[in-house]
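Engineer: Would you mind keeping the following structure in view while I ask a few things?
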Amino acid sequence: MALLDLLEVSKAYESQQILKQIDFFVEKGDRICIIGKNGGGKSTLMKIVNGTLDFEDGRRIIRKNVKVEMLNQAPVFEKDISVKEAIEEELSELKNAKLEYDNILLRLENDFENSELLKKQEQLTNFLDTHNAWNLDDKIERVLQQFQLKEYENRPVTMLSGGEQRRVTLAGLILKKPDILLLDEPTNHLDVYMVEFLEEMLLKEKFTLVFISHDRYFIDNIATKTVEIDDCELRTFKGGYEDYLRAKEALMMSLAKTHETLLKHLKTEEAWLRRGVKARLKRNEGRKERVFQLRENAKKNPTLIYQMKLELEREQKNFNQDRSINRQKMLFEMYDIHKKLGTKELITSFSGRVLQNDRIAIVGKNGAGKSTLLKIFLEELKVDSGSFKKGEFKVGYFDQQRTSLDESKNITQIFCPNGGDRVDVRGRNMHVFGYLKNFLFPKEYLNKKVGLLSGGEKSRVALALLFTKEIDCLILDEPTNDLDIPTINILEEYIQSFQGAVVFVSHDRYFVDKIAQKLYIFKGNGKIEESYQTYSEYLEIEKELKELESFTSKEEKTKTKVITNRTIKLSYKEKQEYETLPIEIEKLETEIEELQKCLQNPECYQKIGLAELSKQLEEKEAQLEPLIESFLELEEKVELISTL
């Protein structure tokens with residue numbers, strides 16, 4: 001049963017239709033990603049789901065007692081409230097429920113048969129279980145650490161940056177765990193380690209989630225469904241971003257086949273229309289109308305198919321073209337450079353070169369010094385010591401604040417400052433609309449003031465302007481923030497065809513993997529590591545090393561404990577479990593595998609029912625995890641005893 005339904009909902013702003021008779025359902029356990037072009041209706045849909053935006057037609061149906069909460073792009077806090085207090089305030093209902101539960105336990109000690117108290121205890125237990133709210137203080141501490149808010153916990157929230165304030169709000173929401181959580185671009189202003197923590201929380205705590213994101217790895221890791229908004233309508237695809245691409249390609253092929261059949265049918269009907277006489281035409285006005293409708297459909301379908309094809313090609317085709325040039329021009333050269341801000345060591349003894357063809361991603365935790373290195377490249381900051389040399393060449397810079405844009409001007413004035421409607425694009429003279437349609441701007445936007453555009457639209461203007469310049473090196477600071485996925489695909493295409501160096505800061509793992517040939521990894525404490533791995537490979541190896549380190553540390557502690565107690569041995573019960581647990585685990589794994597196969601087979605899941613199958617699978621997986629943990633603990637104990 002759905003927690004929330006939107007049925008035949010329509011929404012328009014003045015004369016512009018945004019959503020047209022759409023149906024949208026959120027069931028318990030769904031993690032739905034909404035994708036589509038900027039301005040296409042993603043945020044509108046989220047606000048309607050949240051219940052904070054009215055609509056013209058249709059119905060919003062929500063189950064009784066279901067709570068929906070949304071991460072605001074610009075959160076508002078009380079003036080003097082501290083970071084920790086702001087998070088705790090979000091959790092006041094859960095904390096009060098835990099206090100009431102503890103109070104009931106005390107009362108039950110003297111009145112253990114009180115049916116009213118027992119009923120209330122059961123209700124509170126279910127509530128606290130649902131929100132996993134038994135050890136909130138520990139969770140608050142962990143989220144403060146993981147979101148890099150610990151050092152600010154007693155500072156007023158209003159003194160933090162916009163990105164840090166969003167992290168405070170996000171921390172409160174994921175601990176609060178509403179019945180339906182709505183997240184609009186949750187990975188903006190998070191580094192990859194924060195994103196990994198967020199992914200872990202969302203999956204482990206089994207959130208019901210609706211989110212908008214341009215982070216394609218985040219979508220792949222989190223989404224159970226992908227809903228695309230296109231031309232005021234919704235298309236739903238099962239799974240994450242890669243599944244969406246495959247399904248979209250299949251849809252495109254199906255549309256192409258349907259279009260081919262349509263053309264054949266149209267040819268037959270056109271022949272009938274040419275042969276028809278006036279007397280017959282009067283009796284066949286309905287058929288004549290169908291011919292005209294077929295003509296319209298035939299015109300529309302190729303456009304739709306072409307748009308899909310272009311979008312897929314941008315995402316899927318291999319851009320690893322040979323961009324070799326005759327000589328490798330040196331752009332930047334660094335030798336043993338050092339840089340401090342105050343007492344904080346940001347760069348220590350780093351040496352490296354940036355050549356004409358390089359594609360370098362600067363990655364690492366927030367606050368590690370990535371933007372400082374960009375400012376050194378831009379000559380806005382000087383190194384404290386060491387040698388930094390910059391060659392003679394032109395730099396194009398994209399910053400998150402979009403300082404290159406004059407918000408009082410319209411788009412045409414930005415691109416044609418001397419008047420007219422022509423723009424020079426790296427030596428090629430083009431009509432301004434001919435160029436801007438490549439960045440998904442409709443013609444009516446040409447006279448729109450930049451100040452009236454959304455954040456994503458301003459970023460598109462700034463990027464389009466950047467690619468008109470005659471430059472040798474692109475320096476980009478978080479270029480994918482505020483962009484939708486179609487625009488990111490266009491950005492990737494332009495970067496790949498750019499004949500020069502590209503140096504960029506980004507937390508978007510998919511974007512980094514696709515563009516970067518080399519990484520500058522800020523490790524903290526001023527250390528920078530140069531790597532030629534993909535970012536995903538680096539993060540995976542780093543994660544494995546941390547797990548190995550953690551395991552080794554745990555093993556050493558256990559070993560020390562065993563050595564101090566030489567008489568340790570397996571009990572009779574432990575010996576029995578050591579023999580029987582592998583059999584139970586194997587049996588459960590087989591049952592889980594069979595249920596997963598059934599879920600992929602329509603004939604199978606239609607007999608049993610999707611809801612029942614999902615319930616069985618969830619129960620089996622919940623049984624399996626503690627068994628595996630118990631066996632691994634016994635295995636470790638057996639191995640340690642054998643070494644004594």
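Identifiers in this document derive from the order of the structure tokens: chains are assigned A, B, ..., residues are numbered from 1 separately in each chain, and ligands are numbered from 1 in order of occurrence.
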Residues within 7 Å of stretch 235-248 of chain A, please, as a list in words. Count only C-alpha atoms; anything in the same chain fewer than 5 positions from it doesn't count.
Structural biologist: Arg216, Ile219, Asp220, Ala223, Thr224, Lys225, Thr226, Val227, Glu228 and Ile229 of chain A
Engineer: For A:Trp134, work out the shell of residues within 9 Å, counting only C-alpha atoms and skipping chain neighbours fewer than 6 positions away, then give it as a list in words.
Structural biologist: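 So the residues in contact are Leu94, Lys98 and Leu128 of chain A.
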Engineer: Take the residues from that selection and write them out as a PDB file, in the first residue's frame, keeping N, CA and C atoms.
Structural biologist:
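Writing the result to part_35.pdb gives the following:
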```pdb
ATOM      1  N   LEU A  94      11.487  12.512  19.250  1.00  0.00           N
ATOM      2  CA  LEU A  94      12.079  11.201  19.523  1.00  0.00           C
ATOM      3  C   LEU A  94      12.630  11.146  20.954  1.00  0.00           C
ATOM      4  N   LYS A  98      11.474   8.666  24.038  1.00  0.00           N
ATOM      5  CA  LYS A  98      12.403   7.796  24.800  1.00  0.00           C
ATOM      6  C   LYS A  98      12.269   8.055  26.297  1.00  0.00           C
ATOM      7  N   LEU A 128       9.885   4.029  18.358  1.00  0.00           N
ATOM      8  CA  LEU A 128      11.338   4.147  18.494  1.00  0.00           C
ATOM      9  C   LEU A 128      12.071   3.175  17.574  1.00  0.00           C
TER      10      LEU A 128
END
```
Engineer: Quick check, in Å to one decimal: how far apart do atom CA of A:Lys449 and atom CA of A:Gly434 lie?
Structural biologist: 19.0 Å
Engineer: List the spatial neighbours of A:Gln148 as a list in words - criterion: any atom at most 10 Å away, only C-alpha atoms, same-chain residues fewer than 6 positions off excluded.
Structural biologist: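 Final neighbour list, sorted by chain and number: Arg142, Glu164, Arg167, Val168, Leu190, Met194, Lys365, Asn366 and Gly367 of chain A.
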Engineer: Here is a test: counting only C-alpha atoms, which residue of A:Ile362, A:Val66, A:Leu465, A:Leu4 is nearest to A:Ile515?
Structural biologist: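 Nearest to A:Ile515: A:Ile362.
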Engineer: Take atom CA of A:Val210 and atom CA of A:Asp184 and report the distance between them in Å, one decimal.
Structural biologist: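 Atom-to-atom, atom CA of A:Val210 to atom CA of A:Asp184, that is 8.6 Å.
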Engineer: Between atom CA of A:Lys176 and atom CA of A:Met46, what distance in Å does the model show, to one decimal?
Structural biologist: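 Computing the Euclidean distance for atom CA of A:Lys176 and atom CA of A:Met46 yields 19.3 Å.
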Engineer: Just the residues within 6 Å of stretch 476-485 of chain A, please, counting only C-alpha atoms, with nothing from its chain fewer than 6 positions along; format it as a PyMOL selection string.
Structural biologist: chain A and resi 37-38+214+397-399+456+504-506
Engineer: Run DSSP on the backbone of this structure and report the residues of stretch 26-166 of chain A it assigns to strand (DSSP E), as an MDAnalysis selection string.
Structural biologist: chainID A and resid 26:27 31:35 57:62 68:71
Engineer: Given the selection you just returned, output its residues as a file containing N, CA, C and O atoms, formatted as a PDB file, in the first residue's frame.
Structural biologist:
```pdb
ATOM      1  N   VAL A  26       4.415   6.790  -3.785  1.00  0.00           N
ATOM      2  CA  VAL A  26       5.542   6.501  -2.888  1.00  0.00           C
ATOM      3  C   VAL A  26       5.117   5.385  -1.949  1.00  0.00           C
ATOM      4  O   VAL A  26       4.196   5.553  -1.152  1.00  0.00           O
ATOM      5  N   GLU A  27       5.782   4.231  -2.072  1.00  0.00           N
ATOM      6  CA  GLU A  27       5.509   3.103  -1.190  1.00  0.00           C
ATOM      7  C   GLU A  27       6.619   2.981  -0.158  1.00  0.00           C
ATOM      8  O   GLU A  27       7.737   3.468  -0.369  1.00  0.00           O
ATOM      9  N   ARG A  31      13.057   4.288  -2.815  1.00  0.00           N
ATOM     10  CA  ARG A  31      14.047   5.371  -2.884  1.00  0.00           C
ATOM     11  C   ARG A  31      14.017   5.883  -4.324  1.00  0.00           C
ATOM     12  O   ARG A  31      14.641   5.316  -5.223  1.00  0.00           O
ATOM     13  N   ILE A  32      13.244   6.947  -4.524  1.00  0.00           N
ATOM     14  CA  ILE A  32      12.903   7.413  -5.873  1.00  0.00           C
ATOM     15  C   ILE A  32      13.733   8.630  -6.238  1.00  0.00           C
ATOM     16  O   ILE A  32      13.704   9.643  -5.536  1.00  0.00           O
ATOM     17  N   CYS A  33      14.469   8.530  -7.337  1.00  0.00           N
ATOM     18  CA  CYS A  33      15.219   9.681  -7.843  1.00  0.00           C
ATOM     19  C   CYS A  33      14.427  10.348  -8.963  1.00  0.00           C
ATOM     20  O   CYS A  33      13.968   9.681  -9.897  1.00  0.00           O
ATOM     21  N   ILE A  34      14.257  11.661  -8.860  1.00  0.00           N
ATOM     22  CA  ILE A  34      13.570  12.430  -9.907  1.00  0.00           C
ATOM     23  C   ILE A  34      14.628  13.115 -10.758  1.00  0.00           C
ATOM     24  O   ILE A  34      15.471  13.845 -10.235  1.00  0.00           O
ATOM     25  N   ILE A  35      14.613  12.849 -12.058  1.00  0.00           N
ATOM     26  CA  ILE A  35      15.584  13.480 -12.952  1.00  0.00           C
ATOM     27  C   ILE A  35      14.845  14.219 -14.068  1.00  0.00           C
ATOM     28  O   ILE A  35      13.662  13.993 -14.303  1.00  0.00           O
ATOM     29  N   ASP A  57      -5.264  20.706 -10.772  1.00  0.00           N
ATOM     30  CA  ASP A  57      -6.142  19.533 -10.919  1.00  0.00           C
ATOM     31  C   ASP A  57      -5.497  18.325 -10.261  1.00  0.00           C
ATOM     32  O   ASP A  57      -4.286  18.262 -10.095  1.00  0.00           O
ATOM     33  N   GLY A  58      -6.351  17.332  -9.945  1.00  0.00           N
ATOM     34  CA  GLY A  58      -5.854  16.079  -9.396  1.00  0.00           C
ATOM     35  C   GLY A  58      -5.982  16.010  -7.888  1.00  0.00           C
ATOM     36  O   GLY A  58      -6.545  16.903  -7.238  1.00  0.00           O
ATOM     37  N   ARG A  59      -5.412  14.932  -7.315  1.00  0.00           N
ATOM     38  CA  ARG A  59      -5.535  14.710  -5.870  1.00  0.00           C
ATOM     39  C   ARG A  59      -4.194  14.283  -5.268  1.00  0.00           C
ATOM     40  O   ARG A  59      -3.412  13.590  -5.918  1.00  0.00           O
ATOM     41  N   ARG A  60      -3.969  14.713  -4.039  1.00  0.00           N
ATOM     42  CA  ARG A  60      -2.830  14.242  -3.237  1.00  0.00           C
ATOM     43  C   ARG A  60      -3.408  13.458  -2.065  1.00  0.00           C
ATOM     44  O   ARG A  60      -4.125  14.012  -1.239  1.00  0.00           O
ATOM     45  N   ILE A  61      -3.095  12.172  -2.001  1.00  0.00           N
ATOM     46  CA  ILE A  61      -3.643  11.305  -0.955  1.00  0.00           C
ATOM     47  C   ILE A  61      -2.481  10.804  -0.096  1.00  0.00           C
ATOM     48  O   ILE A  61      -1.517  10.231  -0.616  1.00  0.00           O
ATOM     49  N   ILE A  62      -2.576  11.020   1.211  1.00  0.00           N
ATOM     50  CA  ILE A  62      -1.505  10.586   2.114  1.00  0.00           C
ATOM     51  C   ILE A  62      -2.114   9.768   3.245  1.00  0.00           C
ATOM     52  O   ILE A  62      -3.173  10.113   3.778  1.00  0.00           O
ATOM     53  N   VAL A  68       5.916  13.733   6.243  1.00  0.00           N
ATOM     54  CA  VAL A  68       6.814  14.032   5.121  1.00  0.00           C
ATOM     55  C   VAL A  68       7.673  15.231   5.514  1.00  0.00           C
ATOM     56  O   VAL A  68       7.151  16.230   6.003  1.00  0.00           O
ATOM     57  N   GLU A  69       8.985  15.139   5.313  1.00  0.00           N
ATOM     58  CA  GLU A  69       9.877  16.269   5.625  1.00  0.00           C
ATOM     59  C   GLU A  69      10.850  16.462   4.476  1.00  0.00           C
ATOM     60  O   GLU A  69      11.264  15.500   3.822  1.00  0.00           O
ATOM     61  N   MET A  70      11.234  17.716   4.246  1.00  0.00           N
ATOM     62  CA  MET A  70      12.052  18.064   3.080  1.00  0.00           C
ATOM     63  C   MET A  70      13.287  18.863   3.490  1.00  0.00           C
ATOM     64  O   MET A  70      13.216  19.733   4.355  1.00  0.00           O
ATOM     65  N   LEU A  71      14.411  18.548   2.858  1.00  0.00           N
ATOM     66  CA  LEU A  71      15.643  19.319   3.045  1.00  0.00           C
ATOM     67  C   LEU A  71      15.536  20.602   2.233  1.00  0.00           C
ATOM     68  O   LEU A  71      15.474  20.566   1.003  1.00  0.00           O
TER      69      LEU A  71
END
```
Engineer: Please extract the residues of stretch 307-419 of chain A with a backbone DSSP assignment of helix (DSSP H, G or I) and present them as an NGL selection string.
Structural biologist: :A and (307-316 or 370-377 or 411-415)
Engineer: Which residue is closest to A:Pro486? Choose from A:Lys344, A:Arg460, A:Lys527, A:Lys370 and count only C-alpha atoms.
Structural biologist: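 Closest to A:Pro486, using only C-alpha atoms: A:Arg460.
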Engineer: Could you give me, as a list in words, the residues within 9 Å of stretch 575-579 of chain A, counting only C-alpha atoms and dropping anything in the same chain fewer than 2 positions from it?
Structural biologist: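 Once the adjacent positions are removed, what remains is Leu570, Ser571, Tyr572, Lys573, Leu581, Pro582, Ile583, Ser630, Phe631, Leu634 and Glu635 of chain A.
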Engineer: Just to be explicit: take each residue in the selection above, keep C-alpha atoms, and write the result as a PDB file, in the first residue's frame.
Structural biologist:
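Okay, part-v7.pdb is ready:
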```pdb
ATOM      1  CA  LEU A 570      35.090 -22.659  23.174  1.00  0.00           C
ATOM      2  CA  SER A 571      32.106 -23.617  25.301  1.00  0.00           C
ATOM      3  CA  TYR A 572      30.006 -26.643  24.387  1.00  0.00           C
ATOM      4  CA  LYS A 573      27.316 -24.338  22.985  1.00  0.00           C
ATOM      5  CA  LEU A 581      25.904 -22.016  11.709  1.00  0.00           C
ATOM      6  CA  PRO A 582      27.504 -22.580   8.235  1.00  0.00           C
ATOM      7  CA  ILE A 583      24.638 -24.957   7.353  1.00  0.00           C
ATOM      8  CA  SER A 630      28.099 -14.755  15.101  1.00  0.00           C
ATOM      9  CA  PHE A 631      29.974 -17.216  12.885  1.00  0.00           C
ATOM     10  CA  LEU A 634      33.532 -17.733  16.489  1.00  0.00           C
ATOM     11  CA  GLU A 635      35.876 -18.171  13.509  1.00  0.00           C
TER      12      GLU A 635
END
```
Engineer: Please tabulate, as CSV, the residues of stretch 397-514 of chain A that come within 9 Å of stretch 377-393 of chain A, each with its closest pair of atoms and the distance in Å to one decimal, counting only C-alpha atoms and ordering rows by chain, then residue number upward.
Structural biologist:
```
residue,atom,partner,partner_atom,distance
A:Tyr397,CA,A:Leu378,CA,8.3
A:Ile471,CA,A:Phe393,CA,7.4
A:Asp472,CA,A:Phe393,CA,6.1
A:Cys473,CA,A:Phe393,CA,7.7
A:Ile475,CA,A:Leu378,CA,8.3
```
Engineer: Which one is closest to A:Phe211: A:Cys598, A:Leu136, A:Lys42, A:Met253? Count only C-alpha atoms.
Structural biologist: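 Among A:Cys598, A:Leu136, A:Lys42, A:Met253, it is A:Lys42 that comes nearest to A:Phe211.
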Engineer: Which residues, written as a VMD selection string, have at least one atom at most 12 Å from stretch 615-629 of chain A, with only C-alpha atoms counted and residues fewer than 4 positions away on the same chain left out?
Structural biologist: chain A and resid 28 to 29 204 206 577 to 578 580 to 599 605 608 to 611 633 to 636
